[in-house]
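Student: Let me begin by handing over the structure; questions about it come next.
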Amino acid sequence: MPLWLSESDVRAVLAMGELIDAMELALIAFSAGRVVQPVRTVLGIRERAFFGLMPALDSDGSMLGTKLVTVLPENTAKGLPSHQAAIVLFDPASGALLAVTDGRYITEARTAAVSAVSVRHMARRDAAVLAIIGSGVQAHSHLEALPLVRDFREIRAWSPNAARLQQFVAGRNVRACESAERAIRDADVVVLATASITPVIDDAWVAPGTHVIAVGACRPTHRETDPRLVARALVVVDSRAAAMQEAGDILLAIEDGLIGAGHVHAELGEVASGAKSGRQHAGQVTLFKSLGLAIEDVVSADLAYRRALAAGCGMLVPQ
């Protein structure tokens, strides 16, 4: 019988530290060519609202599945998540349905876990100041994940939504800043976790040696980074193929004439495996452009499935 895992079930069995390590292995497998995964299919529902289909097969890990995801930014005004999803797992040997897991939390958590992999391999070892731009679910998940790979002495945050910013910092060792610039200047790691379709960061604010993580703007006409920053930085992506179809931060910088198609230095899986270099010197600005990979979702759901079976979590569904 297949297993149904609700969001509360997934939260109960997925530990962020274990997920970071699982995402690193998934990225390495993807960049080594051991994963079969097309660039996601995206259907427009209406302006800035999308439905995505994201299948992946990892033959080495015997994992097969797909994520079905909706992205509706206007949901936040209604008190609903902007991203909602389900992940379906199959047995690659028999084709049998193994599990259906809630994918909203997995999307939230695995995105931050992948960002943590980028910090592990691309941020300076002495990185001590973290700036988070945004105050939504990704701000929360990155606040959980990134301190697991670097010991930050100061964490700053800014959001255009002042009320939500105060909610985000309340009870946490995080300083609310009055502007994005104040949060970013002299920070060692900067997370852009926004729903903006125009830049929220200026190149002049970014100090030498900073590692920037951009997790928003996943359409070819959207960007949240200054194209001059993209041109200055050593750029690493999760997938070259996806970046050249979906990453407006890169595609629009090419359109502006500031970079060429060969500006992307590596995939994060190549850096994590040592196949490609990461940071080359302490003063280098590095940029990880995250789009999200289907294999990240499938590996996360498989990990939740295995942990849930061991713990007796979830609900078996009769066929």
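Naming scheme: A, B, ... for chains in displayed order of the structure tokens; residues 1 onward per chain; ligands 1 onward as shown.
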Write out as number ranges by chain the residues lying within 9 Å of stretch 34-36 of chain A, counting only C-alpha atoms and excluding same-chain residues fewer than 3 positions away.
Tutor: A: 26, 28-31, 55-60, 295
Student: Quick one: residues within 10 Å of A:Asn161, only C-alpha atoms counted, chain neighbours fewer than 4 positions away excluded, as a VMD selection string?
Tutor: chain A and resid 134 to 136 165 to 166
Student: Please provide the set of residues having any atom within 8 Å of A:Phe51, restricted to only C-alpha atoms, with same-chain residues fewer than 3 positions apart removed, written as a PyMOL selection string.
Tutor: chain A and resi 42-45+68-71
Student: List the spatial neighbours of stretch 106-115 of chain A as a list in words - criterion: any atom at most 6 Å away, only C-alpha atoms, same-chain residues fewer than 5 positions off excluded.
Tutor: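 Answer for this query is Ile20, Met23, Ser141, His142 and Ala145 of chain A.
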Student: Taking 5 positions as the minimum chain separation for residues in the same chain, which residues sit within 10 Å of A:Arg48 when counting only C-alpha atoms? Answer as a list in words.
Tutor: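 Within the cut-off, the hits are Val71, Leu72, Pro73, Glu74, Ala195, Ile197, Arg219 and His222 of chain A.
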Student: Write the residues of the selection above to a file with N, CA and C atoms, as a CSV table (one decimal), in the first residue's frame.
Tutor:
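Output file result.csv follows:
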```
chain,number,residue,atom,x,y,z
A,71,VAL,N,2.5,27.9,-8.1
A,71,VAL,CA,3.1,29.2,-7.6
A,71,VAL,C,2.1,30.3,-7.8
A,72,LEU,N,1.6,30.8,-6.8
A,72,LEU,CA,0.6,31.9,-6.8
A,72,LEU,C,0.9,33.0,-5.8
A,73,PRO,N,1.8,34.0,-6.2
A,73,PRO,CA,2.2,35.0,-5.2
A,73,PRO,C,1.1,35.7,-4.5
A,74,GLU,N,0.0,35.9,-5.2
A,74,GLU,CA,-1.1,36.6,-4.5
A,74,GLU,C,-1.7,35.9,-3.3
A,195,ALA,N,9.9,37.8,-3.7
A,195,ALA,CA,9.0,37.5,-4.8
A,195,ALA,C,9.2,38.6,-5.9
A,197,ILE,N,10.3,40.9,-9.1
A,197,ILE,CA,10.7,40.6,-10.4
A,197,ILE,C,11.7,41.6,-11.0
A,219,ARG,N,11.8,32.9,-13.4
A,219,ARG,CA,11.3,33.0,-14.8
A,219,ARG,C,12.2,33.8,-15.6
A,222,HIS,N,12.2,37.6,-15.1
A,222,HIS,CA,12.2,38.1,-13.8
A,222,HIS,C,13.7,38.1,-13.3
```
Student: Applying 12 Å and only C-alpha atoms, which residues near A:Ser94 remain after dropping the ones on its own chain fewer than 6 positions away? List them as JSON, numbers by chain.
Tutor: {"A": [62, 63, 64]}
Student: Rank nothing, just name the residue among A:Arg279, A:Pro199, A:Ala193, A:Val298 nearest to A:Ala233, using only C-alpha atoms.
Tutor: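 Of the candidates, the smallest distance to A:Ala233 is held by A:Arg279.
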Student: With a distance cut-off of 12 Å and only C-alpha atoms, select the neighbouring residues of A:Ser6, excluding the residue or stretch itself and same-chain residues fewer than 3 positions from it, and output the selection as a list in words.
Tutor: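 Contacts, with the query itself left out: Leu3, Asp9, Val10, Arg11, Ala12, Val13, Ala85, Ala86, Ile87, Ala99, Val100, Thr101, Asp102, Gly103, Arg104, Tyr105, Ile106, Ala301, Ala304, Tyr305, Ala308, Cys313, Gly314, Met315 and Leu316 of chain A.
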Student: Which value, in Å to one decimal, gives the distance between atom CA of A:Pro227 and atom CA of A:Asp249?
Tutor: 6.9 Å
Student: Between A:Val236, A:Leu258, A:Ala310, A:Ala131, which one has atoms that come closest to A:Ser290, using only C-alpha atoms?
Tutor: A:Val236
Student: Give me, please, the distance in Å between atom CA of A:Ala116 and atom CA of A:Val149, quoted to one decimal.
Tutor: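 Atom-to-atom, atom CA of A:Ala116 to atom CA of A:Val149, that is 6.5 Å.
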Student: So that I can check the secondary structure, give me every residue of stretch 186-233 of chain A assigned strand (DSSP E) by backbone DSSP, as a list in words.
Tutor: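 Everything in stretch 186-233 of chain A that counts as strand (DSSP E) is Val189, Val190, Val191, Leu192, His211, Val212, Ile213 and Ala214 of chain A.
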Student: Could you go through stretch 108-274 of chain A and tell me which residues DSSP, when run on the backbone, assigns to helix (DSSP H, G or I), listing them as a PyMOL selection string?
Tutor: chain A and resi 108-122+137-148+162-169+180-184+203-205+227-232+240-246+248-255+261-263+268-273
Student: With only C-alpha atoms as the basis for distance, which of A:Leu97, A:Ala207, A:Ala157, A:Ala22 is at the shortest distance from A:Ala282?
Tutor: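 Of A:Leu97, A:Ala207, A:Ala157, A:Ala22, the one nearest A:Ala282, counting only C-alpha atoms, is A:Ala207.
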